[in-house]
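Structure file my_file.cif (mmCIF, C-alpha atoms and all ligand atoms) is printed below.
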```cif
data_input
loop_
_atom_site.label_atom_id
_atom_site.label_comp_id
_atom_site.auth_asym_id
_atom_site.auth_seq_id
_atom_site.Cartn_x
_atom_site.Cartn_y
_atom_site.Cartn_z
CA MET A 23 0.00 0.00 0.00
CA SER A 24 1.15 3.51 -0.61
CA SER A 25 1.42 5.78 2.41
CA ARG A 26 2.25 9.38 3.09
CA LEU A 27 5.65 10.39 4.31
CA PRO A 28 5.72 12.17 7.68
CA LEU A 29 6.96 15.31 5.93
CA ARG A 30 5.38 18.56 4.93
CA ILE A 31 5.14 18.51 1.14
CA PRO A 32 3.40 21.57 -0.28
CA GLN A 33 1.04 20.96 -3.21
CA SER A 34 0.22 24.49 -4.22
CA VAL A 35 1.82 27.89 -4.11
CA GLU A 36 -0.31 28.77 -1.06
CA GLU A 37 1.35 25.96 0.88
CA ILE A 38 4.92 27.09 0.16
CA ASP A 39 6.78 29.11 2.76
CA THR A 40 10.28 30.52 3.24
CA ALA A 41 11.35 27.70 5.58
CA TRP A 42 10.43 25.00 3.07
CA LEU A 43 12.17 26.84 0.24
CA THR A 44 15.31 27.33 2.34
CA GLN A 45 15.46 23.66 3.25
CA ALA A 46 14.73 22.49 -0.29
CA ILE A 47 17.46 24.64 -1.83
CA ARG A 48 19.98 23.83 0.90
CA SER A 49 19.46 20.12 0.21
CA SER A 50 21.03 20.69 -3.21
CA GLY A 51 24.21 22.17 -1.75
CA LEU A 52 23.68 25.43 -3.67
CA VAL A 53 23.52 27.40 -0.43
CA GLU A 54 24.90 26.63 3.01
CA ALA A 55 23.91 29.31 5.46
CA ALA A 56 21.63 31.72 3.60
CA ASN A 57 17.89 31.76 4.27
CA VAL A 58 15.03 32.63 1.97
CA VAL A 59 13.32 35.60 3.57
CA GLY A 60 10.80 36.44 0.90
CA PHE A 61 9.45 35.08 -2.38
CA ARG A 62 7.06 35.90 -5.20
CA ALA A 63 5.25 33.40 -7.39
CA GLY A 64 4.78 33.90 -11.10
CA SER A 65 3.60 31.56 -13.78
CA PRO A 66 5.80 30.75 -16.77
CA GLY A 67 2.44 30.20 -18.42
CA THR A 68 1.64 28.17 -21.51
CA GLY A 69 -2.08 27.80 -20.98
CA VAL A 70 -3.63 25.22 -18.66
CA GLY A 71 -1.12 22.37 -18.38
CA PHE A 72 -2.50 18.87 -18.76
CA GLN A 73 -0.82 17.42 -15.79
CA GLY A 74 1.07 19.95 -13.78
CA GLN A 75 1.22 23.29 -12.04
CA THR A 76 4.49 24.92 -13.01
CA ILE A 77 5.43 27.97 -10.95
CA ARG A 78 8.40 30.30 -11.01
CA ILE A 79 9.40 31.42 -7.53
CA SER A 80 11.59 34.53 -7.28
CA LEU A 81 13.64 34.53 -4.10
CA ASP A 82 14.98 37.06 -1.59
CA TRP A 83 17.94 35.89 0.53
CA ASP A 84 19.10 37.25 3.88
CA ILE A 85 22.81 37.03 3.05
CA GLU A 86 24.68 36.71 -0.21
CA GLU A 87 26.07 33.37 -1.33
CA PRO A 88 27.59 32.94 -4.79
CA ASP A 89 25.35 30.08 -5.98
CA ALA A 90 22.11 31.16 -4.35
CA PRO A 91 19.54 31.21 -7.20
CA ASP A 92 17.46 34.31 -7.92
CA ALA A 93 14.54 32.06 -8.83
CA VAL A 94 13.56 28.41 -8.91
CA LEU A 95 10.91 26.49 -10.79
CA VAL A 96 8.50 24.40 -8.70
CA LYS A 97 6.27 21.68 -10.15
CA PHE A 98 3.23 20.20 -8.44
CA PRO A 99 0.55 17.88 -9.84
CA THR A 100 -2.44 19.50 -11.47
CA ASP A 101 -5.46 20.24 -9.33
CA ASN A 102 -7.74 19.13 -12.19
CA VAL A 103 -8.93 15.80 -10.69
CA GLY A 104 -9.85 14.12 -13.99
CA ASN A 105 -6.60 15.03 -15.72
CA ARG A 106 -4.60 13.97 -12.69
CA GLY A 107 -6.21 10.52 -12.48
CA LEU A 108 -5.53 9.86 -16.16
CA ALA A 109 -1.99 11.20 -15.93
CA GLU A 110 -1.17 9.11 -12.85
CA ALA A 111 -2.53 5.97 -14.48
CA GLU A 112 0.30 6.36 -16.98
CA GLY A 113 2.87 7.00 -14.26
CA ALA A 114 3.04 10.68 -15.11
CA TYR A 115 4.70 12.21 -12.06
CA ASP A 116 6.90 9.21 -11.25
CA ARG A 117 8.31 9.31 -14.76
CA GLU A 118 9.60 12.84 -14.31
CA PHE A 119 11.00 12.16 -10.83
CA ASP A 120 12.69 8.95 -11.99
CA PHE A 121 14.21 10.82 -14.91
CA TYR A 122 15.59 13.69 -12.85
CA GLU A 123 16.77 11.49 -9.97
CA ARG A 124 18.29 8.66 -11.99
CA LEU A 125 19.21 9.78 -15.49
CA SER A 126 19.54 13.56 -15.65
CA ASP A 127 23.11 13.70 -14.33
CA ASP A 128 24.33 11.66 -17.30
CA PHE A 129 22.45 13.44 -20.02
CA PRO A 130 24.00 14.72 -23.24
CA VAL A 131 21.61 17.67 -23.50
CA ARG A 132 21.22 20.46 -21.00
CA VAL A 133 18.25 20.02 -18.68
CA PRO A 134 17.39 22.17 -15.66
CA ARG A 135 19.46 21.18 -12.67
CA LEU A 136 17.47 19.20 -10.10
CA ILE A 137 17.38 21.10 -6.81
CA HIS A 138 14.96 19.07 -4.69
CA ALA A 139 12.56 16.20 -5.29
CA VAL A 140 10.18 14.74 -2.76
CA ARG A 141 7.18 12.47 -3.32
CA ASP A 142 5.09 10.08 -1.26
CA PRO A 143 5.76 6.43 -2.10
CA GLY A 144 3.44 4.72 -4.56
CA LEU A 145 2.64 1.06 -5.08
CA SER A 146 5.61 -1.23 -5.49
CA ARG A 147 6.56 -1.91 -9.08
CA ALA A 148 5.26 -5.48 -8.85
CA ALA A 149 1.95 -4.39 -7.33
CA ARG A 150 1.44 -1.71 -9.93
CA ARG A 151 2.24 -4.11 -12.74
CA ARG A 152 -0.27 -6.61 -11.31
CA ARG A 153 -2.92 -3.94 -11.14
CA GLU A 154 -2.21 -2.71 -14.68
CA GLY A 155 -2.28 -6.29 -15.97
CA PHE A 156 -5.57 -7.04 -14.21
CA VAL A 157 -7.34 -3.90 -15.40
CA ASP A 158 -5.98 -4.18 -18.92
CA ALA A 159 -7.31 -7.76 -19.22
CA LEU A 160 -10.91 -6.92 -18.24
CA PRO A 161 -13.57 -7.84 -20.83
CA VAL A 162 -14.11 -5.37 -23.68
CA PRO A 163 -17.52 -4.06 -22.49
CA VAL A 164 -16.09 -3.35 -19.02
CA VAL A 165 -13.05 -1.59 -20.49
CA LYS A 166 -15.32 0.43 -22.76
CA PHE A 167 -17.42 1.42 -19.74
CA ILE A 168 -14.26 2.51 -17.92
CA GLY A 169 -13.28 4.43 -21.07
CA ARG A 170 -16.62 6.20 -21.21
CA HIS A 171 -16.35 7.37 -17.62
CA ALA A 172 -12.58 7.51 -17.37
CA ARG A 173 -12.46 11.01 -15.93
CA LYS A 174 -14.64 9.89 -13.00
CA LEU A 175 -13.53 6.27 -12.60
CA VAL A 176 -9.77 6.66 -12.86
CA ARG A 177 -9.22 8.31 -9.49
CA PRO A 178 -6.05 10.17 -8.58
CA SER A 179 -4.00 8.94 -5.64
CA LYS A 180 -3.48 10.93 -2.46
CA ARG A 181 0.27 11.04 -3.05
CA ARG A 182 2.07 14.37 -2.85
CA TYR A 183 4.83 15.32 -5.27
CA ALA A 184 7.04 18.40 -5.29
CA LEU A 185 9.89 19.03 -7.68
CA VAL A 186 12.17 22.07 -7.41
CA MET A 187 14.53 22.80 -10.26
CA GLU A 188 16.69 25.42 -11.84
CA TYR A 189 14.76 28.21 -13.51
CA ILE A 190 16.06 28.91 -17.03
CA PRO A 191 15.74 32.67 -17.57
CA ASP A 192 15.24 34.51 -20.86
CA ALA A 193 14.37 31.41 -22.86
CA ARG A 194 12.44 31.52 -26.10
CA VAL A 195 9.70 28.91 -26.59
CA THR A 196 7.25 28.31 -29.38
CA THR A 197 3.86 27.55 -27.89
CA ALA A 198 1.54 24.85 -29.19
CA ILE A 199 -0.49 27.56 -30.92
CA GLU A 200 2.37 28.90 -33.03
CA LEU A 201 4.41 27.08 -35.64
CA PRO A 202 8.19 27.06 -35.09
CA PRO A 203 10.68 28.27 -37.69
CA ALA A 204 12.40 25.48 -39.66
CA GLU A 205 15.77 26.26 -38.00
CA ASP A 206 14.25 25.47 -34.60
CA LEU A 207 12.99 22.12 -35.87
CA SER A 208 16.42 21.27 -37.24
CA ALA A 209 18.02 22.24 -33.94
CA ILE A 210 15.56 20.11 -31.97
CA LEU A 211 16.00 17.13 -34.30
CA GLY A 212 19.79 17.36 -33.99
CA THR A 213 19.47 17.41 -30.22
CA LEU A 214 17.13 14.43 -30.27
CA ALA A 215 19.60 12.48 -32.42
CA GLU A 216 22.34 13.24 -29.90
CA MET A 217 20.12 12.16 -27.00
CA HIS A 218 18.92 8.97 -28.71
CA ALA A 219 22.45 8.03 -29.77
CA HIS A 220 23.76 8.56 -26.24
CA PHE A 221 21.22 6.11 -24.78
CA TRP A 222 21.14 3.72 -27.77
CA GLY A 223 20.80 0.15 -26.50
CA ASP A 224 21.53 1.34 -22.94
CA SER A 225 20.90 -1.54 -20.55
CA ARG A 226 19.53 0.85 -17.90
CA LEU A 227 16.47 1.36 -20.09
CA ALA A 228 15.77 -2.35 -20.18
CA ASP A 229 16.19 -2.62 -16.40
CA ASP A 230 12.86 -2.08 -14.69
CA SER A 231 14.45 -1.16 -11.41
CA VAL A 232 16.11 1.89 -12.99
CA PHE A 233 13.58 3.05 -15.51
CA GLU A 234 10.43 1.13 -16.15
CA TRP A 235 8.48 3.48 -18.36
CA SER A 236 7.64 2.87 -21.97
CA MET A 237 5.88 4.93 -24.60
CA VAL A 238 2.25 5.24 -25.75
CA SER A 239 0.53 3.52 -22.83
CA GLN A 240 1.01 1.26 -19.82
CA MET A 241 -2.49 -0.18 -20.48
CA PRO A 242 -3.26 -0.24 -24.22
CA ASN A 243 -6.61 -1.99 -23.84
CA VAL A 244 -7.83 0.59 -21.36
CA MET A 245 -6.62 3.37 -23.64
CA HIS A 246 -8.51 1.73 -26.43
CA GLY A 247 -11.60 1.53 -24.19
CA VAL A 248 -11.58 5.35 -24.14
CA TYR A 249 -11.28 5.37 -27.93
CA ARG A 250 -14.11 2.88 -28.48
CA ALA A 251 -16.38 4.70 -26.04
CA TRP A 252 -15.89 8.16 -27.54
CA ARG A 253 -14.92 7.69 -31.16
CA ASP A 254 -18.31 8.26 -32.77
CA ASP A 255 -19.30 11.14 -30.50
CA VAL A 256 -16.05 12.93 -31.22
CA VAL A 257 -16.42 12.50 -34.99
CA ASP A 258 -20.00 13.81 -34.84
CA ARG A 259 -18.90 16.77 -32.75
CA GLU A 260 -16.03 17.84 -35.03
CA PRO A 261 -16.44 16.34 -38.50
CA GLY A 262 -14.12 18.99 -39.94
CA VAL A 263 -11.25 17.77 -37.73
CA PHE A 264 -11.98 14.05 -37.65
CA THR A 265 -12.19 13.49 -41.37
CA ASP A 266 -12.40 10.10 -43.10
CA ASP A 267 -8.68 10.01 -43.92
CA LEU A 268 -7.68 10.86 -40.35
CA MET A 269 -10.09 8.26 -38.99
CA ARG A 270 -8.81 5.57 -41.38
CA HIS A 271 -5.37 5.88 -39.80
CA ALA A 272 -6.73 6.21 -36.26
CA ASP A 273 -9.01 3.16 -36.63
CA TRP A 274 -6.09 1.19 -38.07
CA VAL A 275 -4.13 1.94 -34.89
CA GLY A 276 -7.09 0.79 -32.82
CA ALA A 277 -7.33 -2.48 -34.73
CA HIS A 278 -3.68 -3.34 -33.87
CA ILE A 279 -3.36 -1.47 -30.62
CA VAL A 280 -1.63 -4.05 -28.41
CA ASP A 281 0.92 -5.11 -31.03
CA LEU A 282 1.62 -1.56 -32.15
CA VAL A 283 2.23 -0.40 -28.60
CA ALA A 284 4.59 -3.36 -28.03
CA HIS A 285 6.43 -2.47 -31.25
CA LEU A 286 6.87 1.21 -30.42
CA ASN A 287 7.84 0.36 -26.84
CA GLN A 288 10.90 -1.66 -27.82
CA PRO A 289 13.56 0.09 -25.71
CA PHE A 290 15.94 1.17 -28.47
CA SER A 291 16.64 4.40 -26.62
CA ILE A 292 15.25 6.91 -24.17
CA ARG A 293 12.35 8.99 -25.39
CA HIS A 294 11.55 12.47 -24.22
CA GLY A 295 7.93 11.50 -24.76
CA ASP A 296 6.35 14.94 -25.06
CA CYS A 297 8.43 16.49 -27.81
CA ARG A 298 6.46 19.64 -28.28
CA THR A 299 8.16 22.91 -29.01
CA ASP A 300 6.93 24.34 -25.70
CA ASN A 301 9.10 21.77 -23.94
CA MET A 302 12.23 22.98 -25.75
CA LEU A 303 13.74 26.17 -24.37
CA PHE A 304 16.04 28.10 -26.69
CA THR A 305 18.68 30.11 -24.87
CA ASP A 306 21.82 31.96 -25.95
CA ALA A 307 23.79 28.99 -24.65
CA GLY A 308 21.79 26.42 -26.65
CA LEU A 309 18.73 24.27 -26.27
CA VAL A 310 17.42 23.15 -22.87
CA MET A 311 14.93 20.29 -22.68
CA ILE A 312 12.23 20.37 -20.03
CA ASP A 313 9.08 18.46 -19.05
CA PHE A 314 9.93 14.80 -18.61
CA GLY A 315 6.42 13.98 -17.42
CA VAL A 316 5.84 11.27 -20.02
CA THR A 317 9.43 10.20 -20.59
CA GLY A 318 10.06 6.55 -21.29
CA SER A 319 11.92 4.26 -23.62
CA GLY A 320 11.03 3.18 -27.11
CA ARG A 321 11.76 3.62 -30.79
CA PRO A 322 13.14 7.05 -31.70
CA ALA A 323 10.40 7.78 -34.24
CA GLY A 324 8.22 8.24 -31.15
CA ASP A 325 9.95 11.56 -30.50
CA VAL A 326 10.66 12.59 -34.08
CA ALA A 327 7.25 12.10 -35.67
CA TYR A 328 5.55 13.33 -32.49
CA LEU A 329 7.43 16.63 -32.74
CA LEU A 330 6.79 17.01 -36.46
CA SER A 331 3.11 16.04 -36.13
CA GLU A 332 2.36 19.35 -34.49
CA SER A 333 4.90 21.71 -35.95
CA ILE A 334 4.65 21.70 -39.76
CA PRO A 335 2.24 24.14 -41.42
CA PRO A 336 -0.72 22.14 -42.79
CA GLY A 337 -1.15 22.11 -46.55
CA PHE A 338 0.00 20.68 -49.82
CA GLU A 339 3.73 20.79 -49.02
CA ALA A 340 3.44 19.36 -45.52
CA ARG A 341 4.09 15.70 -46.25
CA ALA A 342 7.24 16.44 -48.28
CA THR A 343 8.53 18.70 -45.51
CA PHE A 344 7.82 15.95 -42.96
CA LEU A 345 9.78 13.36 -44.96
CA ARG A 346 12.69 15.75 -45.41
CA PHE A 347 12.92 16.41 -41.66
CA CYS A 348 12.68 12.69 -40.88
CA ARG A 349 15.61 11.99 -43.20
CA GLU A 350 17.56 14.88 -41.75
CA TYR A 351 17.12 13.41 -38.27
CA HIS A 352 18.17 9.96 -39.46
CA ASP A 353 21.35 11.37 -41.01
CA ARG A 354 22.17 12.97 -37.68
CA LEU A 355 21.49 9.73 -35.81
CA VAL A 356 23.84 7.81 -38.11
CA ALA A 357 26.45 10.57 -37.83
CA ALA A 358 26.21 10.19 -34.04
CA GLY A 359 27.19 6.54 -34.40
CA VAL A 360 23.92 4.60 -34.64
CA VAL A 361 24.34 2.30 -37.63
CA ASP A 362 21.83 -0.45 -36.80
CA HIS A 363 18.56 1.41 -37.37
CA PRO A 364 17.88 1.34 -41.14
CA LEU A 365 16.27 4.38 -42.75
CA ASP A 366 13.41 2.38 -44.21
CA GLU A 367 12.46 0.92 -40.82
CA PHE A 368 12.71 4.34 -39.20
CA MET A 369 10.55 6.01 -41.86
CA ASN A 370 7.88 3.34 -41.50
CA ASP A 371 7.98 3.84 -37.71
CA CYS A 372 7.44 7.55 -38.31
CA ASP A 373 4.29 6.75 -40.28
CA ILE A 374 3.12 4.44 -37.50
CA VAL A 375 3.68 7.23 -34.97
CA LEU A 376 1.74 9.69 -37.16
CA ALA A 377 -1.19 7.26 -37.18
CA VAL A 378 -0.89 6.99 -33.39
CA GLN A 379 -0.96 10.78 -33.21
CA ALA A 380 -4.19 10.77 -35.23
CA TYR A 381 -5.57 8.27 -32.70
CA ARG A 382 -4.39 10.43 -29.81
CA VAL A 383 -6.16 13.51 -31.15
CA ILE A 384 -9.40 11.58 -30.61
CA LEU A 385 -8.35 10.63 -27.07
CA MET A 386 -7.45 14.25 -26.30
CA GLU A 387 -10.81 15.49 -27.49
CA ALA A 388 -12.58 12.71 -25.56
CA ALA A 389 -10.92 12.70 -22.20
CA PHE A 390 -8.64 15.64 -21.42
CA GLU A 391 -9.41 19.18 -20.45
CA ALA A 392 -6.93 21.72 -21.66
CA ASP A 393 -7.18 25.08 -23.25
CA TYR A 394 -4.75 26.94 -25.48
CA ASP A 395 -5.96 30.52 -25.53
CA GLY A 396 -9.51 29.31 -26.08
CA GLU A 397 -8.53 26.70 -28.66
CA SER A 398 -8.78 22.96 -28.04
CA LEU A 399 -5.71 20.89 -28.75
CA ALA A 400 -7.75 18.84 -31.23
CA HIS A 401 -8.45 21.96 -33.29
CA LEU A 402 -4.83 22.97 -33.35
CA TRP A 403 -3.35 19.58 -33.79
CA GLY A 404 -5.87 17.61 -35.89
CA PRO A 405 -5.33 19.53 -39.16
CA ARG A 406 -1.56 19.47 -38.70
CA VAL A 407 -1.50 15.67 -38.24
CA ARG A 408 -3.94 15.12 -41.07
CA SER A 409 -1.89 16.89 -43.71
CA LEU A 410 1.16 14.73 -42.90
CA LEU A 411 -0.50 11.32 -43.21
CA ALA A 412 0.52 9.10 -46.13
CA ASP A 413 -2.13 7.90 -48.57
CA GLU A 414 -1.23 4.33 -47.70
CA LEU A 415 -1.41 2.87 -44.21
CA PRO A 416 1.99 2.04 -42.67
CA ARG A 417 3.39 -1.51 -43.02
CA PHE A 418 2.96 -3.63 -39.95
N1 LIG A 501 13.03 25.04 -15.60
C1 LIG A 501 12.31 25.94 -16.30
N2 LIG A 501 12.80 27.15 -16.57
C2 LIG A 501 12.08 28.06 -17.27
N3 LIG A 501 10.84 27.86 -17.71
C3 LIG A 501 10.28 26.66 -17.46
C4 LIG A 501 11.00 25.65 -16.76
N4 LIG A 501 10.19 24.57 -16.66
C5 LIG A 501 9.05 24.89 -17.26
N5 LIG A 501 9.08 26.14 -17.76
C6 LIG A 501 7.99 26.82 -18.50
O1 LIG A 501 6.77 26.31 -18.01
C7 LIG A 501 6.01 25.66 -19.03
C8 LIG A 501 5.34 24.42 -18.45
O2 LIG A 501 6.32 23.57 -17.91
P1 LIG A 501 6.24 21.99 -18.12
O3 LIG A 501 6.09 21.70 -19.57
O4 LIG A 501 7.37 21.36 -17.40
O5 LIG A 501 4.91 21.69 -17.32
P2 LIG A 501 3.72 20.68 -17.53
O6 LIG A 501 2.80 20.87 -16.42
O7 LIG A 501 4.28 19.34 -17.73
O8 LIG A 501 3.04 21.26 -18.77
P3 LIG A 501 2.22 20.60 -19.92
O9 LIG A 501 1.52 19.42 -19.34
O10 LIG A 501 1.32 21.70 -20.36
O11 LIG A 501 3.26 20.25 -20.92
C9 LIG A 501 7.02 25.37 -20.12
O12 LIG A 501 6.44 25.34 -21.38
C10 LIG A 501 8.02 26.53 -19.98
O13 LIG A 501 7.55 27.66 -20.67
MG MG A 502 5.15 20.97 -21.10
#
```
Render the structure in this file as C-alpha cells.
Amino acid sequence: MSSRLPLRIPQSVEEIDTAWLTQAIRSSGLVEAANVVGFRAGSPGTGVGFQGQTIRISLDWDIEEPDAPDAVLVKFPTDNVGNRGLAEAEGAYDREFDFYERLSDDFPVRVPRLIHAVRDPGLSRAARRRREGFVDALPVPVVKFIGRHARKLVRPSKRRYALVMEYIPDARVTTAIELPPAEDLSAILGTLAEMHAHFWGDSRLADDSVFEWSMVSQMPNVMHGVYRAWRDDVVDREPGVFTDDLMRHADWVGAHIVDLVAHLNQPFSIRHGDCRTDNMLFTDAGLVMIDFGVTGSGRPAGDVAYLLSESIPPGFEARATFLRFCREYHDRLVAAGVVDHPLDEFMNDCDIVLAVQAYRVILMEAAFEADYDGESLAHLWGPRVRSLLADELPRF
C-alpha cells in the first residue's frame, strides 16, 4: 500500500513558505547558510497544463552566497482531478522524478538542474504491474465502460509530489499555438539524435528497477476503451477535424493497438515522450529540454514524428517537408554513431507514430481538459497531423 511520508510537502503555491524553500534549496548544496526571507510566485504560463502546475518562484535571501539562485521552478501535480487521475494511471509524475533522480546527471543535452525532489511512495513496481495487468485484461464491455467514464472512474492517488529545479531565464519557446521556424525544428531534431544516440541500446532502459516506463501507454486496452467509447461522438462533434482520412489511420491503430504499442515500446533508446516545441527552451547557450512527465523508452520515431506532427504548417507541401525532416534526423542519428537502425524501418515507424498521433487527437478530445488561448488541442493539432498522413497505411 502507498502511504504518506511524515513530511510537509506543499502541493500548491499557497502551501509554500520561506522555511520550506530554504530547506529544499539547501538540500542541493547550492547554499549553506543563507535563508530565503521572501518570495514571489509567477507563472511561466503556456495555458492550462494537462498534468502539472508549473510555478516560477523569485527569491529574496538574507545574506549573499555565490550560488544562491534568484529564482527556482516548482512543479506540483495539477489540481484538475480528472486530468490527474488519467496522468497518474500512466505513471506521469513518477516518470519525471525517476528521470531527474536517476538519469539527468548523465544526459548529453542540457536540462534544468534538479534542486529538490520529494514524493510520497506509490505502489511497489510489482503491485502496480499486477494492477495494470488485471485492469488491462478486463472484458471489452467493461473496459469500454471505464473508457466512457474515465475522468470519473480513474481516481487520482493521495500522493504528494514536489519538484524544485533550476529556472532557465530569458528562454524563447514556441507555444503549441504557433508554428516554429524550420531552424528550430532542425536544432531540436539534432538534439534528439544526440540524446537517442547517447542512450542507444543502454541496458539501464531495459532494467525495470532503474527506468520502467515505456511509450504510448502502460495499459493499451484501457486506452482503447476510451477510444471505443468516444470515437463516434467525437467524430460527430467535429467532422471537420476528424475526417475520413484521419479516422482511417486512427481506426487502423485501434485495430492493432496491443501489437503496435509493443512495437513502439521496444527500448531502443530513451524517449523524451512529449516532444512539443513548448518543452524545448532556446537560450543563448543552446537548447534546454524540459518536461519529462511522459518520458520513457522506445523507438526514436516516437519523438521525431511526435514533434513534427504538431509543428509543420498544414497544406499541400506538408508531407514532403515531414519526410525531409525525418531523413535529416536519421542522417544525424547515423552521424552520431547509430548504424543499426535502417532508414526504411525508421521512416515506417514515423508513419506508425503519425497514425498513433491521429488516434491520440481523438483521445485528447474525448478525455482531457486543456485550453490553449480558447482553442482545443484537437483543433490545433488535428489539421496538422492530417496533412502529414501518407495515402497508404503504414506496413505492420
Ligand atoms: N526550468 C524551467 N525554466 C524556465 N521555464 C520553465 C521551466 N520549466 C518549465 N518552464 C515553463 O513552463 C512551461 C510548463 O512547464 P512543463 O512543460 O514542465 O509543465 P507541464 O505541467 O508538464 O506542462 P504541460 O503538461 O502543459 O506540458 C514550459 O512550457 C516553460 O515555458
Ligand atoms: Mg510541457
Practice task
Residues up to 9 Å from ligand LIG 501 (chain A), counting only C-alpha atoms and all ligand atoms: could you list those as JSON, numbers by chain?
Solution key: {"A": [65, 66, 67, 68, 69, 70, 71, 72, 73, 74, 75, 76, 77, 78, 94, 95, 96, 97, 98, 99, 100, 133, 134, 135, 186, 187, 188, 189, 190, 191, 192, 193, 194, 195, 196, 197, 296, 298, 299, 300, 301, 302, 303, 310, 311, 312, 313, 314, 315, 316, 392]}
Problem - Arg30 in chain A surroundings by all atoms listed in the file, 12 Å radius, close-in-sequence under 2 positions cut, as a list in words - result: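 Using all atoms listed in the file, the neighbours found are Arg26, Leu27, Pro28, Pro32, Gln33, Glu37, Ile38, Asp39, Ala41, Trp42, Leu43, Gln45, Ala46, Val140, Arg141, Asp142, Arg182, Tyr183 and Ala184 of chain A.
Of note, CA of Ala277 in chain A and CA of Asp254 in chain A are spaced 15.5 Å apart.
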Listing only residues of range 194-284 of chain A within 9 Å of range 335-354 of chain A, what is the closest atom pair and its distance in Å (to one decimal) for each, using all atoms listed in the file, sorted by chain and residue number ascending, as CSV?
```
residue,atom,partner,partner_atom,distance
A:Leu201,CA,A:Pro335,CA,6.8
A:Leu207,CA,A:Phe347,CA,8.1
A:Ser208,CA,A:Phe347,CA,7.4
A:Leu211,CA,A:Tyr351,CA,5.6
A:Gly212,CA,A:Arg354,CA,6.2
A:Leu214,CA,A:Tyr351,CA,8.1
A:Ala215,CA,A:Arg354,CA,5.9
A:Glu216,CA,A:Arg354,CA,7.8
```
Handout entry: Who sits within 8 Å of Asp120 in chain A, all atoms listed in the file, same chain under 4 positions skipped, as a count of residues only
Key = 5
Handout entry: Nearest to Ala357 in chain A, chosen from A:Arg382, A:His218, A:Arg152, A:Arg259, with all atoms listed in the file counted in the distances
Key =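 Closest to Ala357 in chain A of all the choices is A:His218.
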